[in-house]
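Participant: Structure provided below as structure tokens; questions to follow.
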Amino acid sequence: MLNGTPKEISERKALRINPAKTCQPIGAMYAALGVHRCMPHSHGSQGCCSYHRTLLSRHFKEPAMATTSSFTEGASVFGGGSNLKTAAKNIFEIYDPDIIAVHTTCLSETIGDDIRTYISQMEIPEGKFVVHTNTPSYVGSHITGFSNMICGFINYLSKSTGVKNGKAALIPGFVNPGDMREIKRIASLLGVDYTMLPDTSGVLDAPMTGKFDMYPKGGTKIADIIGLGDCDYSVGLGEFASAAGVALLDKKCKVKGNIMGLPIGIEATDRFVMELTKQTKGEVPYELEEERGQLVDIMIDSHPYFHNKKVAIFGDPDTVIGLAEFAASIGMIPRFCITGTPGEMFNQRMSDVFERHNIDGIAKPAADLFELHQMLKNEKVDLLMGGTHGKYIARAEDLPFVRIGFPITDRYIHSYLPIVGYRGAIRILEMILNALMDRQDRDAADQDLELVM
Amino acid sequence: MDLEKTLERLLDNYPAKVYKNRKAHVLEKTSDDELLEVAANARTIPGIISSRGCCYAGCKGVVVGPTNDIVTITHGPIGCGYYSWLTRRNKAVARGDNKTDFIQYCFSTDMQESDIVFGGVKKLTQAVQEAYDIFHPKAICICATCPVGLIGDDINAVASSMTEKLGIKVIAFSCEGYKGVSQSAGHHIANNQLMKYVVGTGERKVGKYAINILGEYNIGGDAWEVERVLKKIGYEIISTFTGDGSIDDYSCAHKASLNLVQCHRSINYIAEMLKTKYGTDWVKVNFIGVKSMSKALRDIALYFGDPELSERTEQVIAEEVADIEDRMDYYKKRLTGKTAALYVGGSRAHHYQLLLKELGISTIMAGYEFAHRDDYEGREVISSIKVDADSKNIETITVEPDESKFHVYLSKEQYESLKDKIPLDYYAGLIKEMDKGALIIDDLNHYETEQILNYLKPDIFFSGVKDKFVAQKNGVLSRQLHSYDYSGPYAGFKGAVNFARDVDMGIYSPTWKFAVAPWKKSTVLEGNLTGGEE
């Protein structure tokens, strides 16, 4: 497995090998699927749309509906305006969404298509909307695209009427529907009235009913996106994915916000709960206290199995930061933490985690899995955590592996269950313990196999 | 089922222009004599939810990608390389000195904004150098993505200068995603470059029954299963294009006496060029299904005209069939009477119908995603296909006979007499083998898929992952015929049983019957309400 990967690390200036990121448009598509009765639209070659829908379906095991401008060579030369206008007309007539969310691709960005002008020239049916965002694939990553699409919705729709609506604007970060449900549950338990944008729960974990529904029950309602401008305050979870949305709401509608990390692990969840409590000036209900207490109970009881274990973590920046902090806070050593997404902020946040927990760790943004693999060849760790692509490294180096983050294409159910909140932390801990303890069992001699652990 | 009504429903809700366009892609086979013309290989209408991919996907993803002993660098932003990394299930085994299977790797120039503004040639050149320094591959392929052509990066110049510098083959594929109307353009571009730069450059001593397998991508191990049987009979397989493929093997492809063409759409260009340049005949085979596989083996033996080979062929067929007969009968009993709709690729919608028929399942609708008219109607229509603006831009290369390497296996007389017995240099297409009353739909889109599911109500919908969960949410079993739902092999004798087992499992899974909650059912009604059966 991965036999060509040498131990010796050589500097690469041009060649990316085994990326730990993908391109912006898929993030925009995912965000747009989190708006109720929205059709994500990919303005580019049809291959982009096909690839994005495919990966989303492989991760969620759900339909991922989206349309494309189906560029031809001619459109690439003369501009994609006519393609986009034809597309919008057909989409409204055939698929009847309430809103079309256009994102661009490297193709339409390179030729300089002016989407805002095209949209202004469209005949949009009464009561329907078309919004857009620019997601050139050669900038940032899928996380940037997710963040940009959120801004696209706010840009076009959110309005401040001058009368506050008493709600919180929650931006959940690039997480699974299961996480979005959990964030909403925690907010509700704390008595927070909120609008969450986007909200893919009820869309990409829609139930089996015997009837396919192009627009399932879930997703943020358009009226609520408009109402974001009247929210009392906003909370963005995950800086990389949510900070831009929080900043835009402040700039456009004067909704003050707080940007936090994803509530992964005990410390980050505590901060999230404290922040919401500060806003509501209410009490934390027993139900949450109980969950937190259960988590701590489990952490203490099982610590011999993970204490001082070295872990390598890869994936999306906000997720990696959260996981690294959680690992550090329970006594593990997050030794190598990499993300494919570029951004110096990753180093700052990771340094903060390392310093607070006195960890000798290495963090790197804009890195790839080839480099991570080489690091692990030079220094062995006890556990690898990240998306499915990590399984090749895990096999090559015979490492226990926990699948977490995006994408996970070779397992089921992961997107239904949270990794955020106290319950999510319990789930992460269960996955870590199972991986480490299964390994201990596997490696034990017959006489050392333990019935009770 | 009321087909006319279904056809009406299928198209009636479309806006006028879409209706007019789509009407030419949707046909009903009413008789065996009628000549049907399918509006294939045409643009997808903007805004329509199509399953189609792009030119890059056809070139890098389908044809070049499965080659496992070379480095293939995607020149572009990160997405294209990322999505085509390990996702097509073309299995491969590591070979070479360092035992590296390069399919496990994704190589990309990960173009950034500055590369788009100032050009990506420098970065690409550097990337090729770095790939060489780290891996020392025997060849490096470069596949272009949309922005590369738009900003005018001369990847061919990079390829030729790096070929000279490194002393290995560096081959550029200008397969920008916007070219053509589907993956098909990419197949053609890949075929051209492999023919120009690889085939004919190697030398190898070959035996009497040397063959190439063309258009077999080893999804789920299909090529391995087919090769196993062919070797058992006594054939020498020089190369397989391109499943578990090796560039060394491709380079000697001209040494074969016969080429077997499995996926006609994606590889017929190479088959034709091998014929023109080296004199090698090709025969259309279908390795899917017991009958088709047996026929293919018999046709190949007929070509070589050696009674001993034919005898050995019959022996192997008998052995292989005896091994699976009972299980095939078992599944046939359980599956007879079911109906299927197939929407896949450029050959599979044809190939699998015959296996389904063997299992007692009738195909009520079939369509291709990226085929041309000849894949539907047979190669006889090629001369009458109008070349439109989108196809014109795809290079067609002409090859001349290579006198030093030209070799003809059959005499003129033998060729003429065989032509009527086996599909020699000929593909009859999908339509001729379809049942009367079945629908043919080209570039089937989401809306039409929903109509098919709702009104034709097939028991199984064979398609890809983008449709799979749509069908299953509608209570209809869907199996992916691109990826085999991570199962396989499905080709050959043993593969037919795997396929039957998987379909049977899907139909009879008890999980379906829970789709409707008990409180949603009337208290007096009991029984099955969805796709599953007990």
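In the structure tokens, the first chain shown is A, the next is B, and so on; residue numbers restart at 1 for each chain, and ligands run from 1 in the order shown.
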Can you work out which residues from chain A touch chain B at a cut-off of 7 Å (counting only C-alpha atoms) and hand them back as a PyMOL selection string?

Facilitator: chain A and resi 2-4+12+14-19+22-23+45-47+50-51+53-54+57+61-63+66-73+83+86-88+90-91+93-94+106-107+110+137-139+208-212

Participant: Which parts of segment 323-512 of chain B does DSSP call alpha helix (DSSP H) when run on the backbone here, written out as a ChimeraX atom specification?

Facilitator: /B:323-335,348-358,373-377,389-392,412-419,446-451,465-473,492-508

Participant: Identify, on the basis of only C-alpha atoms, every residue whose closest approach to Asp360 of chain A does not exceed 12 Å; exclude the query and any residue fewer than 3 positions from it along the same chain; express the result as a PyMOL selection string.

Facilitator: chain A and resi 308+310-311+328+332-337+350-357+363

Participant: Save the residues we just selected, C-alpha atoms, as a compact mmCIF listing (two decimals), in the first residue's frame?

Facilitator:
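Output contents, as saved in part.txt:
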# COMPACT_ATOMS: atom_id res chain seq x y z
CA ASN A 308 -0.44 9.94 26.32
CA LYS A 310 -0.06 10.13 20.06
CA VAL A 311 -2.59 10.97 17.39
CA ALA A 328 -5.26 17.38 24.20
CA MET A 332 -3.76 12.51 24.33
CA ILE A 333 -1.00 14.07 22.26
CA PRO A 334 -2.21 15.62 18.98
CA ARG A 335 1.22 15.31 17.45
CA PHE A 336 0.52 15.97 13.74
CA CYS A 337 -2.41 18.13 12.72
CA MET A 350 -3.31 25.22 16.71
CA SER A 351 -0.48 27.02 18.52
CA ASP A 352 -3.04 28.19 21.01
CA VAL A 353 -4.22 24.60 21.58
CA PHE A 354 -0.63 23.33 21.85
CA GLU A 355 0.37 26.07 24.29
CA ARG A 356 -2.63 25.78 26.57
CA HIS A 357 -2.14 22.03 26.84
CA ALA A 363 0.40 21.84 12.65

Participant: For the atom pair atom CA of Gly44 of chain A and atom CA of Ile267 of chain B, what is the interatomic distance in Å to one decimal place?

Facilitator: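 About the pair atom CA of Gly44 of chain A and atom CA of Ile267 of chain B: they are 27.0 Å apart.
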
Participant: With only C-alpha atoms as the counted atoms, please give the residues lying no more than 8 Å from segment 425-437 of chain A, apart from itself and same-chain residues fewer than 2 positions off, as a list in words.

Facilitator: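 Neighbouring residues, sequence-local ones excluded: Ile264, Gly265, Ile266, Leu295, Ile298, Met299, Ser302, Tyr305, Phe306, Asp382, Leu383, Pro400, Phe401, Val402, Pro418, Ile419, Val420, Gly421, Tyr422, Arg423, Arg439, Gln440 and Asp441 of chain A.
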
Participant: Kindly export the residues of the current selection with N, CA and C atoms, as a PDB file, in the first residue's frame.

Facilitator:
ATOM      1  N   ILE A 264     -16.551  21.026  19.286  1.00  0.00           N
ATOM      2  CA  ILE A 264     -16.092  19.636  19.306  1.00  0.00           C
ATOM      3  C   ILE A 264     -15.295  19.429  20.581  1.00  0.00           C
ATOM      4  N   GLY A 265     -15.683  18.456  21.379  1.00  0.00           N
ATOM      5  CA  GLY A 265     -14.972  18.192  22.624  1.00  0.00           C
ATOM      6  C   GLY A 265     -15.531  19.002  23.777  1.00  0.00           C
ATOM      7  N   ILE A 266     -15.003  18.748  24.962  1.00  0.00           N
ATOM      8  CA  ILE A 266     -15.617  19.324  26.162  1.00  0.00           C
ATOM      9  C   ILE A 266     -15.373  20.824  26.295  1.00  0.00           C
ATOM     10  N   LEU A 295     -20.167  12.660  30.070  1.00  0.00           N
ATOM     11  CA  LEU A 295     -18.939  12.736  29.273  1.00  0.00           C
ATOM     12  C   LEU A 295     -17.710  12.703  30.184  1.00  0.00           C
ATOM     13  N   ILE A 298     -17.092   9.324  31.717  1.00  0.00           N
ATOM     14  CA  ILE A 298     -16.497   8.379  30.762  1.00  0.00           C
ATOM     15  C   ILE A 298     -15.013   8.690  30.554  1.00  0.00           C
ATOM     16  N   MET A 299     -14.721   9.980  30.423  1.00  0.00           N
ATOM     17  CA  MET A 299     -13.328  10.402  30.213  1.00  0.00           C
ATOM     18  C   MET A 299     -12.428   9.898  31.334  1.00  0.00           C
ATOM     19  N   SER A 302     -12.147   5.882  31.439  1.00  0.00           N
ATOM     20  CA  SER A 302     -11.448   5.184  30.362  1.00  0.00           C
ATOM     21  C   SER A 302     -10.061   5.739  30.057  1.00  0.00           C
ATOM     22  N   TYR A 305      -6.710   4.074  28.605  1.00  0.00           N
ATOM     23  CA  TYR A 305      -6.582   3.543  27.252  1.00  0.00           C
ATOM     24  C   TYR A 305      -6.165   4.594  26.224  1.00  0.00           C
ATOM     25  N   PHE A 306      -6.313   5.868  26.565  1.00  0.00           N
ATOM     26  CA  PHE A 306      -5.905   6.883  25.584  1.00  0.00           C
ATOM     27  C   PHE A 306      -4.843   7.848  26.110  1.00  0.00           C
ATOM     28  N   ASP A 382       0.043   6.589  17.510  1.00  0.00           N
ATOM     29  CA  ASP A 382      -0.789   5.475  17.971  1.00  0.00           C
ATOM     30  C   ASP A 382      -2.143   5.434  17.278  1.00  0.00           C
ATOM     31  N   LEU A 383      -2.507   6.563  16.677  1.00  0.00           N
ATOM     32  CA  LEU A 383      -3.858   6.644  16.111  1.00  0.00           C
ATOM     33  C   LEU A 383      -3.882   7.674  14.988  1.00  0.00           C
ATOM     34  N   PRO A 400      -4.210   2.166  13.926  1.00  0.00           N
ATOM     35  CA  PRO A 400      -5.650   2.253  14.212  1.00  0.00           C
ATOM     36  C   PRO A 400      -6.180   3.549  13.602  1.00  0.00           C
ATOM     37  N   PHE A 401      -7.397   3.500  13.110  1.00  0.00           N
ATOM     38  CA  PHE A 401      -7.912   4.633  12.329  1.00  0.00           C
ATOM     39  C   PHE A 401      -9.341   4.951  12.744  1.00  0.00           C
ATOM     40  N   VAL A 402      -9.593   6.223  13.021  1.00  0.00           N
ATOM     41  CA  VAL A 402     -10.949   6.673  13.315  1.00  0.00           C
ATOM     42  C   VAL A 402     -11.419   7.552  12.171  1.00  0.00           C
ATOM     43  N   PRO A 418     -23.898  13.016  15.715  1.00  0.00           N
ATOM     44  CA  PRO A 418     -23.058  14.204  15.876  1.00  0.00           C
ATOM     45  C   PRO A 418     -21.649  13.900  16.391  1.00  0.00           C
ATOM     46  N   ILE A 419     -20.736  14.813  16.073  1.00  0.00           N
ATOM     47  CA  ILE A 419     -19.453  14.841  16.789  1.00  0.00           C
ATOM     48  C   ILE A 419     -19.355  16.128  17.606  1.00  0.00           C
ATOM     49  N   VAL A 420     -20.379  16.981  17.482  1.00  0.00           N
ATOM     50  CA  VAL A 420     -20.370  18.224  18.267  1.00  0.00           C
ATOM     51  C   VAL A 420     -21.173  18.037  19.556  1.00  0.00           C
ATOM     52  N   GLY A 421     -20.957  18.951  20.489  1.00  0.00           N
ATOM     53  CA  GLY A 421     -21.680  18.906  21.751  1.00  0.00           C
ATOM     54  C   GLY A 421     -21.129  17.822  22.661  1.00  0.00           C
ATOM     55  N   TYR A 422     -21.728  17.710  23.854  1.00  0.00           N
ATOM     56  CA  TYR A 422     -21.257  16.708  24.817  1.00  0.00           C
ATOM     57  C   TYR A 422     -21.529  15.299  24.295  1.00  0.00           C
ATOM     58  N   ARG A 423     -22.702  15.139  23.691  1.00  0.00           N
ATOM     59  CA  ARG A 423     -23.020  13.814  23.131  1.00  0.00           C
ATOM     60  C   ARG A 423     -22.066  13.451  22.006  1.00  0.00           C
ATOM     61  N   ARG A 439      -7.308  -2.602  18.740  1.00  0.00           N
ATOM     62  CA  ARG A 439      -5.910  -2.825  18.378  1.00  0.00           C
ATOM     63  C   ARG A 439      -5.182  -3.581  19.486  1.00  0.00           C
ATOM     64  N   GLN A 440      -5.457  -3.196  20.737  1.00  0.00           N
ATOM     65  CA  GLN A 440      -4.821  -3.896  21.862  1.00  0.00           C
ATOM     66  C   GLN A 440      -5.229  -5.376  21.854  1.00  0.00           C
ATOM     67  N   ASP A 441      -6.505  -5.629  21.610  1.00  0.00           N
ATOM     68  CA  ASP A 441      -6.991  -7.012  21.527  1.00  0.00           C
ATOM     69  C   ASP A 441      -6.317  -7.766  20.385  1.00  0.00           C
TER      70      ASP A 441
END

Participant: Record the distance separating atom CA of Gly282 of chain A and atom CA of Ile226 of chain A, expressed in Å with one decimal.

Facilitator: 27.2 Å

Participant: Excluding same-chain residues fewer than 4 positions from Met293 of chain B, what lies within 9 Å of it counting only C-alpha atoms, as a VMD selection string?

Facilitator: chain B and resid 226 285 to 289 297 to 298 317 491 to 493

Participant: Can you list every residue in segment 139-267 of chain B that DSSP puts in strand (DSSP E or B), as a PyMOL selection string?

Facilitator: chain B and resi 139-144+169-173+210-216+219+236-242+258-261

Participant: With a distance cut-off of 12 Å and only C-alpha atoms, select the neighbouring residues of Ile186 of chain A, excluding the residue or stretch itself and same-chain residues fewer than 2 positions from it, and output the selection as a PyMOL selection string.

Facilitator: chain A and resi 170+179-184+188-194+263+269-270+272-277+284-289+291-292+418+420-424

Participant: Do a neighbour search on Ser108 of chain A at 8 Å with only C-alpha atoms, toss out local chain neighbours closer than 4 positions, and write the hits as a list in words.

Facilitator: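 The residues satisfying every condition are His43, Gly44, Ser76, Gly79, Gly80, Thr104, Gly112 and Asp113 of chain A.
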
Participant: Dump C-alpha atoms for the selected residues as a CSV table (one decimal), in the first residue's frame?

Facilitator:
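Final output, selection.csv:
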chain,number,residue,atom,x,y,z
A,43,HIS,CA,-22.1,27.6,-13.4
A,44,GLY,CA,-19.5,25.7,-15.4
A,76,SER,CA,-16.4,29.1,-22.8
A,79,GLY,CA,-19.4,33.7,-22.1
A,80,GLY,CA,-21.9,31.7,-20.1
A,104,THR,CA,-19.2,29.7,-10.1
A,112,GLY,CA,-14.9,36.4,-16.1
A,113,ASP,CA,-18.6,35.8,-16.3

Participant: Find the distance between atom CA of Val503 of chain B and atom CA of Val290 of chain B and write it in Å to one decimal.

Facilitator: 16.0 Å

Participant: I'd like to know which of B:Val316, B:Ala223, B:Ile70, B:Leu302 is closest to Ser246 of chain B, using only C-alpha atoms.

Facilitator: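 That would be B:Ile70, the residue with the smallest distance to Ser246 of chain B.
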